$ cat protein37.tsv   # TSV, C-alpha atoms
chain	number	residue	atom	x	y	z
A	1	MET	CA	136.10	117.09	131.87
A	2	THR	CA	138.21	114.68	133.81
A	3	LEU	CA	140.16	111.91	132.14
A	4	LEU	CA	137.90	109.30	133.73
A	5	PHE	CA	134.85	111.02	132.25
A	6	ARG	CA	136.40	111.07	128.80
A	7	ILE	CA	137.42	107.41	129.01
A	8	THR	CA	133.88	106.50	130.11
A	9	LEU	CA	132.46	108.36	127.11
A	10	ILE	CA	134.81	106.54	124.75
A	11	VAL	CA	133.94	103.16	126.24
A	12	CYS	CA	130.21	103.90	126.06
A	13	ALA	CA	130.49	105.04	122.43
A	14	LEU	CA	132.29	101.81	121.54
A	15	LEU	CA	129.69	99.75	123.40
A	16	VAL	CA	126.87	101.43	121.45
A	17	PHE	CA	128.75	100.75	118.22
A	18	ILE	CA	129.31	97.06	119.07
A	19	TYR	CA	125.78	96.50	120.31
A	20	VAL	CA	124.18	98.01	117.20
A	21	LEU	CA	126.43	95.88	114.96
A	22	ARG	CA	125.32	92.82	116.91
A	23	LYS	CA	121.68	93.68	116.36
A	24	ILE	CA	122.35	94.07	112.64
A	25	ARG	CA	124.19	90.75	112.51
A	26	HIS	CA	121.19	89.01	114.06
A	27	SER	CA	118.89	90.72	111.55
A	28	GLU	CA	116.99	92.44	114.35
A	29	VAL	CA	117.39	95.99	113.02
A	30	LYS	CA	117.76	97.48	109.56
A	31	ILE	CA	120.99	99.22	108.62
A	32	ALA	CA	119.06	102.30	107.53
A	33	ASP	CA	117.50	102.63	110.99
A	34	SER	CA	120.80	102.15	112.79
A	35	THR	CA	122.68	104.89	110.87
A	36	PHE	CA	121.63	107.46	113.47
A	37	TRP	CA	123.18	105.40	116.32
A	38	PHE	CA	126.48	104.97	114.49
A	39	ILE	CA	126.72	108.72	113.96
A	40	PHE	CA	125.65	109.38	117.56
A	41	ALA	CA	128.36	107.05	118.88
A	42	LEU	CA	130.86	108.84	116.63
A	43	VAL	CA	129.83	112.26	117.97
A	44	ILE	CA	130.28	111.10	121.57
A	45	LEU	CA	133.64	109.62	120.64
A	46	LEU	CA	134.75	112.88	119.04
A	47	LEU	CA	133.64	114.94	122.05
A	48	ALA	CA	135.67	112.67	124.32
A	49	VAL	CA	138.79	112.51	122.15
A	50	PHE	CA	138.78	116.26	121.37
A	51	PRO	CA	137.70	118.01	124.60
A	52	HIS	CA	138.44	121.40	122.99
A	53	ILE	CA	135.11	121.15	121.18
A	54	ALA	CA	133.24	121.06	124.51
A	55	PHE	CA	135.51	123.81	125.93
A	56	PHE	CA	134.73	126.01	122.93
A	57	PHE	CA	130.96	125.72	123.21
A	58	SER	CA	130.87	126.03	126.99
A	59	ASN	CA	132.79	129.31	126.66
A	60	ILE	CA	130.35	130.65	124.07
A	61	PHE	CA	127.23	129.72	126.02
A	62	GLY	CA	128.68	130.58	129.43
A	63	ILE	CA	128.21	127.03	130.68
A	64	GLU	CA	130.35	126.53	133.74
A	65	SER	CA	131.55	123.01	133.13
A	66	PRO	CA	132.41	121.52	129.71
A	67	SER	CA	131.00	118.19	130.78
A	68	ASN	CA	127.64	119.96	131.22
A	69	CYS	CA	128.02	120.92	127.57
A	70	VAL	CA	128.40	117.27	126.66
A	71	PHE	CA	125.23	116.43	128.61
A	72	LEU	CA	123.37	119.23	126.85
A	73	ALA	CA	124.53	118.01	123.44
A	74	ILE	CA	123.38	114.46	124.16
A	75	ILE	CA	119.98	115.64	125.43
A	76	ALA	CA	119.46	117.97	122.46
A	77	ILE	CA	120.36	115.25	119.92
A	78	LEU	CA	118.04	112.75	121.57
A	79	LEU	CA	115.16	115.24	121.66
A	80	VAL	CA	115.49	115.98	117.95
A	81	ARG	CA	115.70	112.28	117.25
A	82	GLU	CA	112.59	111.71	119.37
A	83	PHE	CA	110.70	114.23	117.29
A	84	PHE	CA	111.59	112.51	114.02
A	85	THR	CA	110.60	109.20	115.57
A	86	THR	CA	107.20	110.69	116.46
A	87	VAL	CA	106.77	111.77	112.84
A	88	GLU	CA	107.62	108.29	111.61
A	89	LEU	CA	105.26	106.75	114.13
A	90	SER	CA	102.42	108.92	112.86
A	91	GLN	CA	103.07	107.80	109.33
A	92	LEU	CA	103.24	104.15	110.38
A	93	ARG	CA	99.93	104.46	112.27
A	94	ASN	CA	98.41	105.86	109.12
A	95	LYS	CA	99.79	102.99	107.04
A	96	VAL	CA	98.50	100.34	109.46
A	97	ALA	CA	95.05	101.91	109.37
A	98	ALA	CA	95.13	101.98	105.57
A	99	LEU	CA	96.19	98.32	105.46
A	100	ALA	CA	93.50	97.20	107.91
A	101	GLN	CA	90.87	99.08	105.95
A	102	ALA	CA	92.04	97.70	102.60
A	103	GLU	CA	91.97	94.16	103.97
A	104	ALA	CA	88.49	94.53	105.44
A	105	LEU	CA	87.06	96.17	102.32
A	106	ALA	CA	88.63	93.50	100.09
A	107	GLU	CA	87.08	90.78	102.25
A	108	LEU	CA	83.65	92.38	101.97
A	109	ASP	CA	84.14	92.81	98.23
A	110	ALA	CA	84.92	89.10	97.88
A	111	ILE	CA	81.82	88.12	99.86
A	112	GLU	CA	79.57	90.48	97.90
A	113	ASN	CA	80.95	89.18	94.61
A	114	THR	CA	80.39	85.56	95.66
A	115	ASP	CA	76.85	86.45	96.73
A	116	ALA	CA	76.23	88.20	93.43
A	117	GLU	CA	77.54	85.21	91.48
A	118	ALA	CA	75.54	82.78	93.61
A	119	GLY	CA	72.48	84.95	93.04
A	120	GLU	CA	73.00	84.93	89.27
A	121	ALA	CA	73.60	81.19	89.22
A	122	ALA	CA	70.43	80.64	91.28
A	123	ASN	CA	68.47	82.86	88.87
A	124	LYS	CA	69.77	80.94	85.85
A	125	HIS	CA	68.86	77.65	87.54
A	126	ALA	CA	65.38	78.96	88.34
A	127	ASP	CA	64.93	80.17	84.73
A	128	ALA	CA	65.98	76.76	83.41
A	129	ASN	CA	63.50	75.03	85.73
A	130	VAL	CA	60.72	77.41	84.70
A	131	GLY	CA	61.52	76.67	81.05
A	132	ALA	CA	61.40	72.91	81.70
A	133	GLY	CA	58.15	73.37	83.66
A	134	GLU	CA	56.52	75.22	80.76
A	135	GLU	CA	57.37	72.48	78.32
B	1	MET	CA	115.04	79.74	76.03
B	2	ASN	CA	113.70	77.21	78.45
B	3	LYS	CA	114.29	79.16	81.64
B	4	ARG	CA	111.42	81.01	83.30
B	5	VAL	CA	112.23	84.69	83.78
B	6	LEU	CA	110.15	87.29	85.61
B	7	ALA	CA	110.63	91.03	85.17
B	8	VAL	CA	109.79	92.81	88.43
B	9	ILE	CA	108.68	96.36	87.70
B	10	PRO	CA	108.18	98.55	90.79
B	11	ALA	CA	106.07	101.55	89.81
B	12	TYR	CA	105.26	104.71	91.71
B	13	ASN	CA	103.30	107.40	89.86
B	14	GLU	CA	104.39	106.22	86.43
B	15	GLU	CA	101.18	106.87	84.50
B	16	GLU	CA	103.14	108.62	81.77
B	17	ASN	CA	105.69	105.87	81.21
B	18	ILE	CA	104.15	102.53	82.16
B	19	VAL	CA	102.46	101.84	78.82
B	20	SER	CA	105.59	102.34	76.73
B	21	THR	CA	107.64	100.29	79.21
B	22	ILE	CA	105.27	97.32	79.02
B	23	GLU	CA	104.98	97.59	75.24
B	24	ASP	CA	108.80	97.54	75.06
B	25	LEU	CA	108.79	94.33	77.11
B	26	ARG	CA	106.06	92.70	75.06
B	27	LYS	CA	107.81	93.57	71.82
B	28	ASN	CA	111.46	92.96	72.68
B	29	ALA	CA	111.25	90.26	75.35
B	30	PRO	CA	108.05	88.39	74.51
B	31	ASP	CA	108.97	85.09	76.15
B	32	ILE	CA	109.61	86.53	79.58
B	33	ASP	CA	106.88	87.14	82.16
B	34	TYR	CA	106.51	90.42	83.95
B	35	VAL	CA	104.71	91.81	86.97
B	36	ILE	CA	104.14	95.48	87.74
B	37	VAL	CA	104.18	96.30	91.45
B	38	ASN	CA	102.11	99.42	92.00
B	39	ASP	CA	103.60	101.05	95.10
B	40	GLY	CA	100.52	102.91	96.28
B	41	SER	CA	100.61	105.34	93.34
B	42	LYS	CA	98.47	108.42	93.75
B	43	ASP	CA	98.02	108.84	90.00
B	44	SER	CA	96.28	106.61	87.48
B	45	THR	CA	99.10	104.04	87.14
B	46	ALA	CA	96.95	101.20	88.53
B	47	ALA	CA	93.88	102.21	86.52
B	48	ILE	CA	95.88	102.27	83.28
B	49	CYS	CA	97.36	98.83	84.01
B	50	ARG	CA	93.94	97.31	84.75
B	51	GLU	CA	92.40	98.92	81.68
B	52	ARG	CA	95.05	97.34	79.46
B	53	GLY	CA	95.08	94.00	81.24
B	54	TYR	CA	98.68	94.34	82.39
B	55	HIS	CA	99.88	91.85	85.00
B	56	LEU	CA	99.64	93.90	88.20
B	57	ILE	CA	100.20	93.61	91.95
B	58	SER	CA	98.76	96.66	93.66
B	59	LEU	CA	100.07	97.48	97.12
B	60	PRO	CA	97.49	99.18	99.39
B	61	VAL	CA	100.16	101.47	100.89
B	62	ASN	CA	103.44	102.95	99.69
B	63	LEU	CA	106.40	100.84	100.83
B	64	GLY	CA	109.19	102.46	98.83
B	65	LEU	CA	111.34	100.89	96.13
B	66	ALA	CA	112.78	98.20	98.41
B	67	GLY	CA	109.36	97.08	99.64
B	68	ALA	CA	107.83	97.09	96.17
B	69	PHE	CA	110.75	95.17	94.70
B	70	GLN	CA	110.58	92.67	97.56
B	71	THR	CA	106.90	92.12	96.78
B	72	GLY	CA	107.83	91.17	93.21
B	73	MET	CA	110.55	88.84	94.48
B	74	LYS	CA	108.08	87.16	96.84
B	75	TYR	CA	105.91	86.55	93.80
B	76	ALA	CA	108.88	85.19	91.84
B	77	TYR	CA	109.76	82.84	94.70
B	78	ALA	CA	106.19	81.62	95.16
B	79	HIS	CA	105.92	80.84	91.44
B	80	GLY	CA	109.29	79.11	91.11
B	81	TYR	CA	110.96	81.39	88.60
B	82	ASP	CA	114.52	80.58	87.51
B	83	TYR	CA	115.44	84.23	87.14
B	84	ALA	CA	114.04	87.55	88.28
B	85	ILE	CA	115.13	90.83	86.75
B	86	GLN	CA	114.67	94.25	88.30
B	87	PHE	CA	113.32	96.54	85.58
B	88	ASP	CA	112.48	100.23	85.78
B	89	ALA	CA	108.94	101.42	85.07
B	90	ASP	CA	110.11	104.78	83.74
B	91	GLY	CA	111.41	103.53	80.40
B	92	GLN	CA	115.12	104.00	81.14
B	93	HIS	CA	115.82	100.29	80.72
B	94	SER	CA	115.73	98.49	77.42
B	95	ALA	CA	114.00	95.11	77.30
B	96	ALA	CA	116.06	93.96	74.30
B	97	TYR	CA	119.02	93.22	76.60
B	98	ILE	CA	117.18	90.86	78.94
B	99	ASP	CA	117.73	87.72	76.86
B	100	ASP	CA	121.45	88.50	76.61
B	101	MET	CA	121.70	89.01	80.36
B	102	VAL	CA	120.08	85.63	80.99
B	103	GLU	CA	122.54	84.07	78.55
B	104	VAL	CA	125.46	85.62	80.46
B	105	ALA	CA	124.07	84.16	83.67
B	106	GLU	CA	123.66	80.73	82.09
B	107	GLU	CA	127.14	80.70	80.57
B	108	THR	CA	129.11	82.11	83.50
B	109	GLY	CA	127.04	80.67	86.32
B	110	ALA	CA	126.68	84.16	87.73
B	111	ASN	CA	124.19	84.67	90.55
B	112	VAL	CA	123.71	88.32	89.63
B	113	VAL	CA	124.09	90.02	86.24
B	114	VAL	CA	124.17	93.81	86.36
B	115	GLY	CA	123.07	95.62	83.21
B	116	SER	CA	125.86	98.17	83.19
B	117	ARG	CA	126.22	101.40	81.25
B	118	PHE	CA	129.97	101.33	81.83
B	119	ALA	CA	131.08	97.70	81.44
B	120	ASP	CA	132.72	98.44	78.09
B	121	CYS	CA	132.32	102.23	77.91
B	122	LYS	CA	134.12	104.65	80.18
B	123	LYS	CA	132.14	106.26	83.01
B	124	PRO	CA	131.96	110.05	82.46
B	125	PHE	CA	133.84	112.15	85.01
B	126	SER	CA	131.01	114.42	86.16
B	127	ALA	CA	129.26	115.60	89.31
B	128	ARG	CA	126.35	113.29	88.61
B	129	MET	CA	128.62	110.28	88.35
B	130	ALA	CA	130.62	111.24	91.46
B	131	GLY	CA	128.41	109.13	93.70
B	132	SER	CA	128.67	106.18	91.36
B	133	ALA	CA	132.47	106.54	91.21
B	134	LEU	CA	132.66	106.67	95.01
B	135	ILE	CA	130.56	103.52	95.37
B	136	THR	CA	132.65	101.70	92.75
B	137	ALA	CA	135.77	102.63	94.75
B	138	MET	CA	134.28	101.46	98.05
B	139	ILE	CA	133.23	98.14	96.56
B	140	PHE	CA	136.69	97.68	95.07
B	141	VAL	CA	138.41	98.44	98.37
B	142	THR	CA	136.28	95.90	100.25
B	143	THR	CA	135.89	93.11	97.67
B	144	ARG	CA	138.78	93.62	95.23
B	145	LYS	CA	136.27	93.54	92.39
B	146	ARG	CA	135.26	96.34	90.06
B	147	ILE	CA	131.59	97.04	89.48
B	148	GLU	CA	131.46	99.99	87.11
B	149	ASP	CA	127.74	100.69	87.37
B	150	PRO	CA	126.80	99.76	90.94
B	151	THR	CA	123.67	101.92	91.04
B	152	SER	CA	122.20	100.45	87.86
B	153	GLY	CA	118.68	99.29	88.58
B	154	MET	CA	118.75	96.64	85.85
B	155	ARG	CA	119.83	93.55	87.77
B	156	LEU	CA	119.19	89.90	86.98
B	157	PHE	CA	119.01	87.48	89.91
B	158	ASP	CA	119.17	83.70	89.73
B	159	SER	CA	117.12	81.19	91.70
B	160	LYS	CA	119.59	81.16	94.61
B	161	MET	CA	119.22	84.92	95.03
B	162	ILE	CA	115.44	85.12	94.75
B	163	PRO	CA	114.58	83.75	98.23
B	164	LEU	CA	117.20	86.04	99.82
B	165	PHE	CA	115.68	89.17	98.29
B	166	ALA	CA	112.17	87.90	98.97
B	167	ASN	CA	112.57	87.17	102.67
B	168	GLU	CA	115.70	88.60	104.29
B	169	LEU	CA	116.14	91.87	106.19
B	170	ASP	CA	118.44	94.40	104.53
B	171	PHE	CA	118.47	92.72	101.12
B	172	GLY	CA	117.36	95.78	99.21
B	173	PRO	CA	118.02	96.34	95.49
B	174	GLU	CA	121.03	98.50	96.36
B	175	PRO	CA	124.78	98.45	95.65
B	176	ASP	CA	125.60	97.48	99.23
B	177	THR	CA	123.67	94.22	98.83
B	178	ILE	CA	125.61	93.49	95.62
B	179	SER	CA	128.83	94.17	97.51
B	180	LEU	CA	127.75	91.88	100.37
B	181	LEU	CA	126.94	89.06	97.96
B	182	MET	CA	130.40	89.35	96.39
B	183	ARG	CA	132.02	89.30	99.83
B	184	HIS	CA	130.13	86.11	100.60
B	185	GLY	CA	131.42	84.38	97.50
B	186	TYR	CA	128.48	84.79	95.14
B	187	LYS	CA	129.24	85.56	91.50
B	188	VAL	CA	128.34	89.00	90.11
B	189	GLU	CA	128.89	89.78	86.41
B	190	GLU	CA	128.37	93.01	84.50
B	191	MET	CA	127.09	93.25	80.95
B	192	GLN	CA	127.11	96.34	78.74
B	193	VAL	CA	123.64	97.79	78.09
B	194	GLU	CA	122.23	101.07	76.80
B	195	MET	CA	119.88	103.10	78.95
B	196	ARG	CA	117.64	105.99	78.00
B	197	GLU	CA	117.27	109.22	79.90
B	198	ARG	CA	114.04	109.65	81.87
B	199	THR	CA	111.51	111.29	79.50
B	200	ALA	CA	108.59	112.10	81.84
B	201	GLY	CA	107.72	112.21	85.52
B	202	GLU	CA	109.91	112.99	88.51
B	203	SER	CA	112.98	111.28	89.78
B	204	TYR	CA	112.96	110.19	93.40
B	205	LEU	CA	116.23	111.79	94.47
B	206	ASN	CA	116.85	115.32	95.79
B	207	PHE	CA	119.92	116.67	97.58
B	208	THR	CA	119.05	115.61	101.15
B	209	LYS	CA	117.96	112.18	99.99
B	210	SER	CA	121.15	111.78	97.93
B	211	VAL	CA	123.33	112.66	100.91
B	212	SER	CA	121.56	110.33	103.33
B	213	TYR	CA	121.61	107.61	100.67
B	214	MET	CA	125.37	107.93	100.20
B	215	LEU	CA	125.87	107.93	103.97
B	216	ARG	CA	123.86	104.76	104.45
B	217	ILE	CA	125.49	102.97	101.50
B	218	SER	CA	129.01	103.96	102.59
B	219	LEU	CA	128.39	102.82	106.17
B	220	SER	CA	126.94	99.56	104.90
B	221	ILE	CA	129.75	98.78	102.44
B	222	LEU	CA	132.71	100.00	104.46
B	223	ILE	CA	131.76	98.83	107.93
B	224	VAL	CA	128.54	96.88	108.40
B	225	GLN	CA	129.03	94.28	105.67
B	226	TRP	CA	132.06	92.82	107.51
B	227	PHE	CA	129.75	91.80	110.33
B	228	ARG	CA	126.80	90.33	108.48
B	229	ARG	CA	126.20	86.58	108.32
B	230	ARG	CA	126.38	84.69	105.07
B	231	LYS	CA	122.93	83.50	104.03

$ encode --input "protein37.tsv" --output "structure tokens"
Amino acid sequence: MTLLFRITLIVCALLVFIYVLRKIRHSEVKIADSTFWFIFALVILLLAVFPHIAFFFSNIFGIESPSNCVFLAIIAILLVREFFTTVELSQLRNKVAALAQAEALAELDAIENTDAEAGEAANKHADANVGAGEE
Amino acid sequence: MNKRVLAVIPAYNEEENIVSTIEDLRKNAPDIDYVIVNDGSKDSTAAICRERGYHLISLPVNLGLAGAFQTGMKYAYAHGYDYAIQFDADGQHSAAYIDDMVEVAEETGANVVVGSRFADCKKPFSARMAGSALITAMIFVTTRKRIEDPTSGMRLFDSKMIPLFANELDFGPEPDTISLLMRHGYKVEEMQVEMRERTAGESYLNFTKSVSYMLRISLSILIVQWFRRRK
């Protein structure tokens, strides 16, 4: 892990941090959704500021270069994140379907109720006319 | 009282508690309106409300507390209420205090009145209250004001606050929003109330949820709120 590499990591972590804050300020992302990115930026920052962490894990796993360890960590984190995003997406798809169905069924309900009421009103009108006719 | 007040009652699977909650409101706060927001309950909450003619908005899907509360606030905004109060469906809140909270708002010009268990009484020093103590400390450090019961769900909002909670992103019924409002110069008062323990049904929080909640709230209060725009 060269010094230039570590400085680049620090700069990138800070850029992520600033950019996410900007998005929050412009109300384009919810704070709850951006928590992951703040923690991610912090992890990258820590790996850059304390290279011993990367040295330690690259020794354990027999990875030749500690910077490879950093790459691996980033990839692993993003993959896990991607999985949770897939889960959330599934749930959102389900919710959208449920909403579309509820809307459509409610619309049909409203039409059928109006028809039923119109039918009853027409029947009452017809009964009244019949009554008048008989007299 | 000549001010129109709406109690917003988000409800998820509260079939065991909803009747006693509404009866408490009808008995002890008869001149305020209420609306139950059924948050896609899987039990018979909605059926019970319809059977008894309770005022009900029924969401077709579950949105969570923030979404359900926002629904109620949208209703409050659309119908021009002077005040909206967040009120729990599980019977922990006591409707008898609502009139007093409105009076505090009227007298002090507060934008938010928090029904607080610890305004006059001391907060117990326990594991359960650790989170609350931490949040109180964070709010104090960033706003120089003490809110003793920041997680209390019994909050009264005035007509300036209602459109913010109805329409804005990240204006959930959470302590970080209260903190943000104070930072932006809005007035938040606390008033002593009594709350009951939950008698039936399940609470929403477990360990993982508590941890991620504290993380999000801490991040929001300590860092993010410095960067948000005043609305």

$ closest_residue --input "protein37.tsv" --among "B:Gly40, B:Pro10, B:Pro60, B:Pro175" --to "chain A" --atoms "all atoms listed in the file"
B:Pro60

$ residues_near_point --input "protein37.tsv" --point "(129.3, 107.0, 101.0)" --cutoff "12 Å" --atoms "all atoms listed in the file" --output "list of chain:residue names"
B:Ala130, B:Gly131, B:Ser132, B:Ala133, B:Leu134, B:Ile135, B:Thr136, B:Ala137, B:Met138, B:Ile139, B:Pro175, B:Asp176, B:Ser210, B:Val211, B:Ser212, B:Tyr213, B:Met214, B:Leu215, B:Arg216, B:Ile217, B:Ser218, B:Leu219, B:Ser220, B:Ile221, B:Leu222, B:Ile223

$ interface_residues --input "protein37.tsv" --of "chain A" --to "chain B" --cutoff "12 Å" --atoms "only C-alpha atoms" --output "PyMOL selection string"
chain A and resi 17-39+91-106

$ residues_around --input "protein37.tsv" --residues "region 15-17 of chain B" --least-positions-apart "2" --cutoff "10 Å" --atoms "all atoms listed in the file" --output "ChimeraX atom specification"
/B:11-13,19-22,41-49,88-92,198-201

$ residues_around --input "protein37.tsv" --residues "Arg6 (chain A)" --least-positions-apart "2" --cutoff "9 Å" --atoms "only C-alpha atoms" --output "list of chain:residue names"
A:Met1, A:Thr2, A:Leu3, A:Leu4, A:Thr8, A:Leu9, A:Ile10, A:Val11, A:Leu45, A:Leu47, A:Ala48, A:Val49, A:Pro51

$ closest_residue --input "protein37.tsv" --among "B:Ala78, B:Val112, B:Ala127, B:Val8" --to "Gly185 (chain B)" --atoms "only C-alpha atoms"
B:Val112

$ residues_around --input "protein37.tsv" --residues "Ile77 (chain A)" --least-positions-apart "4" --cutoff "12 Å" --atoms "only C-alpha atoms" --output "ChimeraX atom specification"
/A:36-37,39-41,43-44,70-73,81-84

$ write_last_selection --input "protein37.tsv" --atoms "C-alpha atoms" --output "short mmCIF file (atom, residue, chain, number, x, y, z; two decimals), in the frame of the given file"
data_model
loop_
_atom_site.label_atom_id
_atom_site.label_comp_id
_atom_site.auth_asym_id
_atom_site.auth_seq_id
_atom_site.Cartn_x
_atom_site.Cartn_y
_atom_site.Cartn_z
CA PHE A 36 121.63 107.46 113.47
CA TRP A 37 123.18 105.40 116.32
CA ILE A 39 126.72 108.72 113.96
CA PHE A 40 125.65 109.38 117.56
CA ALA A 41 128.36 107.05 118.88
CA VAL A 43 129.83 112.26 117.97
CA ILE A 44 130.28 111.10 121.57
CA VAL A 70 128.40 117.27 126.66
CA PHE A 71 125.23 116.43 128.61
CA LEU A 72 123.37 119.23 126.85
CA ALA A 73 124.53 118.01 123.44
CA ARG A 81 115.70 112.28 117.25
CA GLU A 82 112.59 111.71 119.37
CA PHE A 83 110.70 114.23 117.29
CA PHE A 84 111.59 112.51 114.02
#

$ atom_distance --input "protein37.tsv" --atom1 "CA of Tyr54 (chain B)" --atom2 "CA of Tyr81 (chain B)"
18.9 Å

$ residues_around --input "protein37.tsv" --residues "Val114 (chain B)" --least-positions-apart "3" --cutoff "7 Å" --atoms "only C-alpha atoms" --output "list of chain:residue names"
B:Met154, B:Arg155, B:Leu156, B:Glu189, B:Glu190, B:Met191

$ atom_distance --input "protein37.tsv" --atom1 "CA of Asn111 (chain B)" --atom2 "CA of Ile57 (chain B)"
25.6 Å
